[in-house]
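The file upload.txt comes next; it holds compact mmCIF, C-alpha atoms.
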```
# COMPACT_ATOMS: atom_id res chain seq x y z
CA MET R 229 36.08 30.06 -57.01
CA LYS R 230 37.46 27.05 -58.73
CA ILE R 231 38.38 23.40 -58.59
CA LEU R 232 42.12 23.37 -58.00
CA ARG R 233 42.82 19.73 -58.67
CA ILE R 234 41.07 16.51 -59.55
CA ARG R 235 42.06 12.91 -58.91
CA ARG R 236 40.05 9.85 -59.69
CA GLY R 237 40.16 6.24 -58.74
CA PHE R 238 40.45 3.85 -55.86
CA THR R 239 43.99 3.40 -54.65
CA THR R 240 45.30 0.08 -53.40
CA ASN R 241 48.80 1.25 -52.59
CA SER R 242 50.21 4.48 -51.24
CA SER R 243 52.44 4.83 -54.27
CA GLY R 244 49.28 6.08 -55.91
CA ALA R 245 50.04 3.90 -58.86
CA ASN R 246 47.52 1.20 -58.23
CA GLU R 247 44.26 2.82 -59.03
CA PHE R 248 41.00 1.56 -60.35
CA LEU R 249 39.86 4.26 -62.69
CA PRO R 250 36.09 4.60 -62.95
CA ASP R 251 36.04 4.92 -66.71
CA GLY R 252 38.37 2.00 -67.31
CA GLY R 253 41.43 2.00 -69.49
CA VAL R 254 45.06 1.89 -68.47
CA ARG R 255 46.71 5.17 -67.77
CA PRO R 256 48.53 7.03 -65.04
CA ARG R 257 46.50 8.68 -62.33
CA VAL R 258 44.90 11.92 -63.37
CA ILE R 259 46.06 15.13 -61.83
CA SER R 260 44.96 18.38 -63.32
CA ASP R 261 45.88 21.72 -61.86
CA ALA R 262 43.41 24.53 -62.41
CA GLY R 263 41.89 22.80 -65.36
CA PRO R 264 39.50 20.08 -66.43
CA PRO R 265 40.34 16.40 -65.79
CA VAL R 266 41.83 14.28 -68.52
CA SER R 267 39.00 12.05 -69.64
CA ALA R 268 40.27 10.16 -72.65
CA PRO R 269 41.97 6.87 -71.74
CA ALA R 270 45.50 6.36 -72.96
CA PRO R 271 46.49 3.34 -75.03
CA PRO R 272 46.52 0.06 -73.06
CA VAL R 273 50.17 -0.12 -72.15
CA LEU R 274 51.86 -0.61 -68.81
CA THR R 275 52.81 2.71 -67.35
CA THR R 276 55.15 3.51 -64.50
CA VAL R 277 54.01 6.47 -62.47
CA GLN R 278 55.56 8.55 -59.76
CA PRO R 279 54.62 8.15 -56.10
CA TRP R 280 52.17 10.61 -54.65
CA GLY R 281 53.99 13.61 -53.33
CA ASP R 282 51.27 14.75 -51.01
CA ALA R 283 49.64 11.65 -49.60
CA PRO R 284 51.39 10.66 -46.40
CA SER R 285 51.12 7.01 -45.50
CA VAL R 286 51.70 4.84 -42.47
CA SER R 287 54.05 2.60 -44.40
CA ALA R 288 55.64 2.59 -47.79
CA PRO R 289 57.54 0.04 -49.87
CA PRO R 290 61.31 0.18 -49.65
CA SER R 291 63.26 1.79 -52.42
CA ASN R 292 64.19 -1.50 -54.06
CA ALA R 293 60.63 -2.19 -55.12
CA THR R 294 58.25 -0.12 -57.17
CA THR R 295 54.68 -1.02 -57.88
CA ILE R 296 52.69 -0.13 -60.91
CA GLY R 297 49.00 -0.51 -61.53
CA VAL R 298 47.03 -2.00 -64.35
CA VAL R 299 43.34 -1.42 -64.60
CA SER R 300 41.22 -4.38 -65.56
CA VAL R 301 37.55 -4.61 -64.75
CA VAL R 302 35.20 -1.79 -65.57
CA VAL R 303 32.06 -1.45 -63.47
CA ALA R 304 29.43 1.14 -64.29
CA ALA R 305 28.92 3.93 -61.79
CA PRO R 306 25.50 4.26 -60.20
CA SER R 307 23.30 7.17 -61.13
CA TRP R 308 20.60 9.08 -59.31
CA SER R 309 17.63 10.86 -60.73
CA SER R 310 16.23 13.50 -58.40
CA PRO R 311 17.72 16.55 -56.61
CA PRO R 312 19.25 16.06 -53.17
CA SER R 313 16.89 16.64 -50.26
CA ALA R 314 17.46 17.10 -46.55
CA SER R 315 16.21 13.61 -45.85
CA SER R 316 18.39 12.17 -48.56
CA ARG R 317 21.44 13.41 -46.72
CA ARG R 318 20.81 11.03 -43.90
CA ARG R 319 22.82 7.92 -44.45
CA GLY R 320 20.87 4.77 -45.20
CA ARG R 321 21.73 1.24 -44.13
CA ARG R 322 23.82 -0.86 -46.44
CA LYS R 323 22.35 -3.77 -48.26
CA ARG R 324 23.69 -7.09 -47.08
CA SER R 325 22.54 -9.44 -49.78
CA PRO R 326 25.05 -11.93 -51.16
CA MET R 327 26.65 -11.29 -54.55
CA THR R 328 26.07 -7.57 -54.08
CA THR R 329 27.39 -5.57 -56.99
CA THR R 330 28.65 -2.03 -57.04
CA LEU R 331 25.37 -0.92 -58.52
CA GLU R 332 23.42 -2.25 -55.54
CA ARG R 333 25.62 -0.81 -52.81
CA ALA R 334 24.31 2.06 -50.77
CA PRO R 335 26.91 4.80 -51.13
CA GLN R 336 29.04 6.00 -48.27
CA PRO R 337 28.68 9.66 -47.38
CA LEU R 338 30.79 12.25 -49.10
CA VAL R 339 33.86 13.46 -47.27
CA LEU R 340 34.17 17.21 -46.94
CA ARG R 341 37.35 18.55 -45.32
CA ARG R 342 38.51 22.06 -44.84
CA GLU R 343 42.19 22.55 -45.67
CA ALA R 344 44.64 25.45 -45.74
CA PHE R 345 44.18 25.83 -49.49
CA GLY R 346 40.38 25.57 -49.28
CA GLY R 347 39.06 22.10 -48.89
CA ILE R 348 38.64 18.56 -50.17
CA LEU R 349 35.51 16.91 -51.47
CA PHE R 350 35.82 13.14 -51.87
CA ASP R 351 33.16 10.89 -53.33
CA PRO R 352 33.50 7.27 -52.14
CA VAL R 353 31.24 6.11 -54.97
CA ASP R 354 33.86 6.49 -57.66
CA GLY R 355 36.92 7.75 -55.81
CA THR R 356 36.71 11.26 -57.23
CA HIS R 357 38.79 13.66 -55.15
CA LEU R 358 38.36 17.37 -55.72
CA GLU R 359 40.53 20.06 -54.17
CA LEU R 360 38.65 23.34 -53.97
CA ASP R 361 39.77 26.90 -53.32
CA PRO R 362 38.35 28.62 -50.20
CA GLU R 363 35.46 30.30 -52.00
CA GLY R 364 34.58 27.12 -53.83
CA PHE R 365 34.73 25.10 -50.63
CA GLU R 366 32.29 27.48 -48.94
CA VAL R 367 29.85 27.19 -51.83
CA VAL R 368 30.02 23.40 -51.72
CA ARG R 369 29.76 23.36 -47.96
CA GLY R 370 26.72 25.62 -48.05
CA TRP R 371 25.17 23.48 -50.74
CA LEU R 372 25.85 20.03 -49.32
CA VAL R 373 25.84 20.69 -45.57
CA ASP R 374 23.40 23.55 -45.13
CA GLY R 375 21.21 22.85 -48.15
CA ARG R 376 21.79 26.39 -49.38
CA ALA R 377 21.22 26.96 -53.06
CA PRO R 378 23.93 28.81 -54.98
CA ALA R 379 23.20 32.51 -54.56
CA THR R 380 24.77 33.99 -57.66
CA PRO R 381 25.23 32.94 -61.28
CA GLU R 382 28.91 32.47 -60.52
CA GLU R 383 28.14 30.14 -57.61
CA GLN R 384 25.61 28.27 -59.74
CA SER R 385 28.18 27.84 -62.48
CA PHE R 386 30.69 26.55 -59.97
CA ALA R 387 28.16 24.14 -58.42
CA ASP R 388 27.40 22.87 -61.91
CA SER R 389 31.10 22.25 -62.53
CA VAL R 390 31.33 20.25 -59.30
CA ARG R 391 28.27 18.24 -60.32
CA ARG R 392 29.91 17.43 -63.62
CA GLU R 393 32.94 16.03 -61.82
CA LEU R 394 30.85 14.03 -59.34
CA PRO R 395 28.25 12.20 -61.39
CA SER R 396 26.77 10.67 -58.26
CA LEU R 397 25.52 14.11 -57.24
CA GLU R 398 23.55 14.40 -60.45
CA GLY R 399 19.96 13.86 -59.60
CA GLY R 400 19.99 13.24 -55.94
CA SER R 401 18.50 10.34 -54.07
CA ARG R 402 22.18 10.03 -53.21
CA LYS R 403 22.87 10.21 -49.49
CA VAL R 404 25.04 13.26 -48.90
CA ARG R 405 26.74 13.98 -45.64
CA ALA R 406 29.73 16.09 -44.84
CA ARG R 407 31.66 13.81 -42.56
CA ILE R 408 34.37 15.91 -41.06
CA ASP R 409 35.53 19.42 -40.69
CA ILE R 410 39.20 19.52 -39.79
CA GLU R 411 38.98 22.91 -38.17
CA ARG R 412 36.30 21.64 -35.81
CA TRP R 413 38.32 18.52 -35.14
CA ARG R 414 41.43 20.58 -34.36
CA ARG R 415 39.52 22.72 -31.89
CA ARG R 416 38.32 19.61 -30.09
CA ALA R 417 41.76 18.01 -30.13
CA THR R 418 43.49 21.13 -28.81
CA PRO R 419 41.81 22.43 -25.65
CA PRO R 420 42.27 26.16 -25.01
CA MET X 265 50.60 31.30 -68.59
CA ALA X 266 51.17 28.04 -66.78
CA PRO X 267 48.81 27.39 -63.87
CA THR X 268 50.26 27.89 -60.42
CA ARG X 269 50.26 24.80 -58.22
CA HIS X 270 48.42 25.37 -54.98
CA ALA X 271 49.80 24.34 -51.61
CA THR X 272 49.56 20.59 -51.24
CA VAL X 273 50.18 20.38 -47.51
CA ILE X 274 47.09 18.81 -46.03
CA ALA X 275 45.89 18.50 -42.46
CA SER X 276 45.84 14.71 -42.44
CA PRO X 277 46.36 11.85 -44.89
CA THR X 278 43.67 11.22 -47.46
CA LEU X 279 45.09 7.74 -48.10
CA VAL X 280 46.70 5.44 -45.56
CA ASP X 281 48.42 2.08 -45.99
CA LEU X 282 47.51 -0.40 -43.28
CA GLN X 283 49.46 -3.63 -42.94
CA VAL X 284 47.08 -5.85 -40.99
CA THR X 285 49.36 -8.87 -40.97
CA ASN X 286 52.80 -9.98 -42.05
CA ARG X 287 51.67 -13.58 -42.48
CA CYS X 288 51.71 -15.06 -45.98
CA THR X 289 52.27 -18.57 -47.24
CA MET X 290 53.05 -17.77 -50.87
CA GLY X 291 56.78 -17.22 -50.47
CA CYS X 292 57.07 -14.89 -53.45
CA PRO X 293 60.72 -14.03 -54.23
CA GLN X 294 59.78 -10.45 -55.14
CA CYS X 295 58.08 -9.81 -51.78
CA TYR X 296 59.27 -6.56 -50.22
CA ALA X 297 57.17 -6.90 -47.08
CA SER X 298 59.22 -9.61 -45.37
CA SER X 299 56.07 -11.70 -45.08
CA VAL X 300 56.41 -15.19 -43.67
CA PRO X 301 54.03 -18.10 -42.91
CA THR X 302 54.62 -17.53 -39.21
CA GLY X 303 53.85 -13.82 -39.37
CA GLU X 304 51.59 -12.15 -36.86
CA HIS X 305 48.23 -10.48 -37.27
CA MET X 306 47.37 -7.02 -36.01
CA ALA X 307 45.01 -7.27 -33.08
CA PHE X 308 41.49 -6.27 -34.07
CA GLU X 309 41.39 -3.80 -31.18
CA ASP X 310 44.44 -2.04 -32.61
CA ALA X 311 42.93 -1.98 -36.09
CA GLU X 312 39.72 -0.56 -34.67
CA ARG X 313 41.56 2.16 -32.79
CA ILE X 314 43.52 3.11 -35.90
CA LEU X 315 40.43 3.17 -38.09
CA ARG X 316 38.52 5.37 -35.67
CA GLN X 317 41.42 7.81 -35.52
CA LEU X 318 41.64 7.88 -39.31
CA ALA X 319 37.92 8.46 -39.60
CA GLU X 320 38.16 11.29 -37.14
CA ALA X 321 40.99 12.79 -39.18
CA GLY X 322 38.95 12.62 -42.39
CA THR X 323 40.95 9.95 -44.19
CA CYS X 324 39.23 9.02 -47.44
CA GLN X 325 40.78 5.72 -48.50
CA LEU X 326 42.60 2.82 -46.92
CA ALA X 327 45.05 0.55 -48.73
CA ILE X 328 44.95 -2.69 -46.75
CA GLY X 329 47.87 -5.02 -47.32
CA GLY X 330 50.16 -7.45 -45.61
CA GLY X 331 51.33 -10.16 -45.70
CA GLU X 332 48.25 -11.66 -47.15
CA PRO X 333 45.51 -9.55 -45.57
CA LEU X 334 42.83 -12.12 -46.25
CA LEU X 335 44.56 -14.47 -43.82
CA HIS X 336 43.67 -12.10 -41.00
CA PRO X 337 40.90 -13.90 -39.08
CA GLN X 338 38.91 -10.67 -38.75
CA ILE X 339 39.48 -9.16 -42.15
CA VAL X 340 35.72 -9.08 -42.78
CA GLU X 341 35.16 -7.11 -39.59
CA ILE X 342 37.99 -4.72 -40.48
CA LEU X 343 36.55 -4.05 -43.94
CA GLU X 344 33.06 -3.56 -42.57
CA LEU X 345 34.26 -1.24 -39.82
CA ALA X 346 36.20 0.90 -42.29
CA TYR X 347 33.13 1.12 -44.50
CA ASP X 348 30.86 1.99 -41.60
CA LEU X 349 33.26 4.73 -40.54
CA GLY X 350 33.06 6.23 -44.01
CA ILE X 351 36.53 5.20 -45.20
CA VAL X 352 36.82 3.36 -48.51
CA PRO X 353 38.83 0.17 -47.88
CA ASN X 354 40.92 -1.16 -50.76
CA VAL X 355 42.74 -4.48 -50.53
CA THR X 356 45.82 -5.99 -52.12
CA THR X 357 45.77 -9.80 -52.20
CA THR X 358 47.38 -12.76 -53.89
CA GLY X 359 43.92 -14.28 -54.19
CA LEU X 360 44.46 -16.60 -51.28
CA ALA X 361 41.46 -17.13 -48.99
CA LEU X 362 38.85 -15.57 -51.27
CA THR X 363 36.02 -17.23 -49.40
CA PRO X 364 32.36 -16.48 -50.24
CA ARG X 365 32.08 -14.37 -47.08
CA VAL X 366 35.19 -12.36 -47.92
CA LEU X 367 34.07 -11.87 -51.52
CA GLU X 368 30.63 -10.73 -50.48
CA THR X 369 32.13 -8.28 -48.01
CA MET X 370 34.62 -6.93 -50.54
CA ALA X 371 31.82 -6.46 -53.10
CA ARG X 372 29.84 -4.49 -50.57
CA CYS X 373 32.60 -2.46 -48.96
CA CYS X 374 35.74 -2.16 -51.09
CA GLY X 375 36.55 0.53 -53.59
CA ALA X 376 38.90 -1.78 -55.46
CA VAL X 377 40.85 -4.98 -54.93
CA ALA X 378 44.36 -5.43 -56.30
CA LEU X 379 45.46 -8.85 -57.40
CA SER X 380 49.19 -9.50 -57.47
CA LEU X 381 50.55 -10.37 -60.89
CA GLU X 382 54.22 -10.57 -61.87
CA ASP X 383 53.96 -12.80 -64.92
CA VAL X 384 51.56 -15.11 -66.73
CA GLY X 385 51.57 -18.85 -67.39
CA GLU X 386 54.66 -20.71 -66.26
CA GLY X 387 56.33 -17.47 -65.28
CA PHE X 388 53.62 -16.90 -62.71
CA ALA X 389 54.12 -20.34 -61.20
CA LYS X 390 57.83 -19.63 -60.74
CA ARG X 391 56.95 -16.69 -58.50
CA ARG X 392 54.17 -18.27 -56.51
CA LYS X 393 53.42 -21.47 -54.69
CA ALA X 394 50.55 -21.83 -57.10
CA GLY X 395 50.03 -22.16 -60.82
CA PHE X 396 48.53 -19.54 -63.10
CA GLY X 397 45.18 -21.29 -62.77
CA PHE X 398 45.13 -20.04 -59.18
CA PHE X 399 45.36 -16.46 -60.40
CA GLU X 400 42.73 -17.01 -63.09
CA ALA X 401 40.35 -18.56 -60.58
CA ALA X 402 40.83 -15.67 -58.18
CA LEU X 403 40.22 -13.13 -60.94
CA GLN X 404 37.08 -14.96 -61.98
CA LYS X 405 35.76 -14.90 -58.41
CA LEU X 406 36.33 -11.15 -58.19
CA ARG X 407 34.63 -10.59 -61.54
CA ASP X 408 31.71 -12.82 -60.59
CA HIS X 409 31.12 -10.62 -57.57
CA GLY X 410 31.36 -7.38 -59.54
CA ILE X 411 34.45 -6.28 -57.64
CA ARG X 412 36.54 -3.54 -59.22
CA THR X 413 39.90 -5.16 -59.77
CA VAL X 414 43.40 -3.85 -60.27
CA PHE X 415 46.47 -5.87 -61.19
CA GLN X 416 49.40 -4.99 -58.99
CA VAL X 417 52.90 -5.67 -60.26
CA THR X 418 55.95 -5.45 -58.05
CA LEU X 419 58.63 -4.19 -60.38
CA SER X 420 62.18 -5.37 -60.07
CA ALA X 421 64.98 -6.25 -62.43
CA GLU X 422 63.61 -9.79 -62.49
CA THR X 423 59.94 -9.03 -62.99
CA SER X 424 60.06 -6.11 -65.40
CA PRO X 425 60.76 -8.23 -68.52
CA ALA X 426 57.45 -10.01 -67.89
CA CYS X 427 55.44 -6.78 -67.91
CA PRO X 428 54.48 -6.98 -71.59
CA ARG X 429 53.12 -10.48 -71.01
CA SER X 430 51.27 -9.42 -67.87
CA SER X 431 49.70 -6.48 -69.68
CA THR X 432 47.87 -8.88 -72.01
CA ILE X 433 45.70 -9.93 -69.07
CA ALA X 434 44.33 -6.40 -68.74
```
Full structure transcribed into structure tokens:
Amino acid sequence: MKILRIRRGFTTNSSGANEFLPDGGVRPRVISDAGPPVSAPAPPVLTTVQPWGDAPSVSAPPSNATTIGVVSVVVAAPSWSSPPSASSRRRGRRKRSPMTTTLERAPQPLVLRREAFGGILFDPVDGTHLELDPEGFEVVRGWLVDGRAPATPEEQSFADSVRRELPSLEGGSRKVRARIDIERWRRRATPP
Amino acid sequence: MAPTRHATVIASPTLVDLQVTNRCTMGCPQCYASSVPTGEHMAFEDAERILRQLAEAGTCQLAIGGGEPLLHPQIVEILELAYDLGIVPNVTTTGLALTPRVLETMARCCGAVALSLEDVGEGFAKRRKAGFGFFEAALQKLRDHGIRTVFQVTLSAETSPACPRSSTIA
């Protein structure tokens, strides 16, 4: 079981170039295949990056215009201090106070999607997007959806590696909810 | 041995661009969206239907643009609905119409907000119906509200020479 690919950041354009990267700096989006994410920021220079090859969009800019992204403001990511519990998976209400900062926002639930290659785990807190192989997806699904602890040292090691990539899972008063399962959705959408 | 890339075909988009309006009053020469001051807004009912479908499909992020999306009279409701449905809304704006209500909503709901920037100083004013002070004021508002901000540059033969100047803002 393994993490197949990691992306980070909030994307303001389907080119994939305009991303806010949670650890600041100016660099192209991070894609790592079967390996750890690149964590060290590159020098602060403008960088042209290629469009996403696998993120379909409703609309896209015409070929005579290309957008690039420059990261500016760095906002610290929230942290949590206790392990996730069943009650903590229920989504809380958002705060509605004026001048709310990122640190004060109640996090949206995690997105967990089954895919042909395994599945996707997306954390709306910092835009971390993990692509997992089938075995890894099942471990994460069991852990986050069913509250099942990793059963073997290998599963525990894998869960630890996912935790390292999703700092918001560390600790755990974080609300965790698997939002969608594409297989289930397909069965509903396609009557027998 | 080089790692093998896994299949990247996915069941539905993880990121979707949503053009909620083609209205904009800035008249930027580098605009590729054919935005005009008389442009039309997407009906909120249409936006709601799209967002619910995207949520059902497991879309993770939304890139909301235009036109100037903040001119949409229900942009706050659109951002809040996306957030409530579990989709992270991101917005690209010129900085126009950054009202306190919009800023508060973006701080609460948005993953990041992109501010258009093609040049600095006088070069900026040539490409906008506003001086560079307009951009600086908009950036300050976003920072004051703790909003994660990205600078978005539309590259063309005309704008690319200004990139080194624009990069100094970051």
Name the residues in contact with Ala361 in chain X at a cut-off of 10 Å, using only C-alpha atoms, excluding same-chain residues fewer than 2 positions from it; report them as a list in words. Glu332, Pro333, Leu334, Leu335, His336, Thr357, Thr358, Gly359, Thr363, Pro364, Arg365, Val366, Leu367 and Ala402 of chain X
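One finds CA of Ile339 in chain X at 13.3 Å from CA of Leu326 in chain X.
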Protein, DNA and RNA residues within 12 Å of (29.9, 27.7, -51.8), all atoms listed in the file, as an mmCIF file with C-alpha atoms, keeping the file's coordinate frame:
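Result went into part-v1.cif, see below:
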```
data_model
loop_
_atom_site.group_PDB
_atom_site.id
_atom_site.type_symbol
_atom_site.label_atom_id
_atom_site.label_comp_id
_atom_site.auth_asym_id
_atom_site.auth_seq_id
_atom_site.Cartn_x
_atom_site.Cartn_y
_atom_site.Cartn_z
ATOM 1 C CA MET R 229 36.080 30.060 -57.010
ATOM 2 C CA LYS R 230 37.460 27.050 -58.730
ATOM 3 C CA ILE R 231 38.380 23.400 -58.590
ATOM 4 C CA GLY R 346 40.380 25.570 -49.280
ATOM 5 C CA GLY R 347 39.060 22.100 -48.890
ATOM 6 C CA LEU R 360 38.650 23.340 -53.970
ATOM 7 C CA ASP R 361 39.770 26.900 -53.320
ATOM 8 C CA PRO R 362 38.350 28.620 -50.200
ATOM 9 C CA GLU R 363 35.460 30.300 -52.000
ATOM 10 C CA GLY R 364 34.580 27.120 -53.830
ATOM 11 C CA PHE R 365 34.730 25.100 -50.630
ATOM 12 C CA GLU R 366 32.290 27.480 -48.940
ATOM 13 C CA VAL R 367 29.850 27.190 -51.830
ATOM 14 C CA VAL R 368 30.020 23.400 -51.720
ATOM 15 C CA ARG R 369 29.760 23.360 -47.960
ATOM 16 C CA GLY R 370 26.720 25.620 -48.050
ATOM 17 C CA TRP R 371 25.170 23.480 -50.740
ATOM 18 C CA LEU R 372 25.850 20.030 -49.320
ATOM 19 C CA VAL R 373 25.840 20.690 -45.570
ATOM 20 C CA ASP R 374 23.400 23.550 -45.130
ATOM 21 C CA GLY R 375 21.210 22.850 -48.150
ATOM 22 C CA ARG R 376 21.790 26.390 -49.380
ATOM 23 C CA ALA R 377 21.220 26.960 -53.060
ATOM 24 C CA PRO R 378 23.930 28.810 -54.980
ATOM 25 C CA ALA R 379 23.200 32.510 -54.560
ATOM 26 C CA THR R 380 24.770 33.990 -57.660
ATOM 27 C CA PRO R 381 25.230 32.940 -61.280
ATOM 28 C CA GLU R 382 28.910 32.470 -60.520
ATOM 29 C CA GLU R 383 28.140 30.140 -57.610
ATOM 30 C CA GLN R 384 25.610 28.270 -59.740
ATOM 31 C CA SER R 385 28.180 27.840 -62.480
ATOM 32 C CA PHE R 386 30.690 26.550 -59.970
ATOM 33 C CA ALA R 387 28.160 24.140 -58.420
ATOM 34 C CA ASP R 388 27.400 22.870 -61.910
ATOM 35 C CA VAL R 390 31.330 20.250 -59.300
#
```
Could you tell me which of X:Thr289, X:Ser420, X:Gln325, X:Thr369 comes closest to Arg236 in chain R if we count all atoms listed in the file? X:Gln325
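Using all atoms listed in the file, the shortest contact distance between Val417 in chain X and any of R:Thr356, R:Arg235, R:Ser396, R:Asn241 is found at R:Asn241.
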So the first atom is CA of Ile314 in chain X and the second is CA of Thr356 in chain X; what is the distance between them in Å, to one decimal place?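 Straight-line distance from CA of Ile314 in chain X to CA of Thr356 in chain X works out to 18.7 Å.
Atom pair CA of Ala394 in chain X / CA of Val300 in chain X has a distance of 16.1 Å (rounded to one decimal).
Closest approach to Ile411 in chain X among R:Pro337, R:His357, R:Phe238, R:Phe345: R:Phe238, based on only C-alpha atoms.
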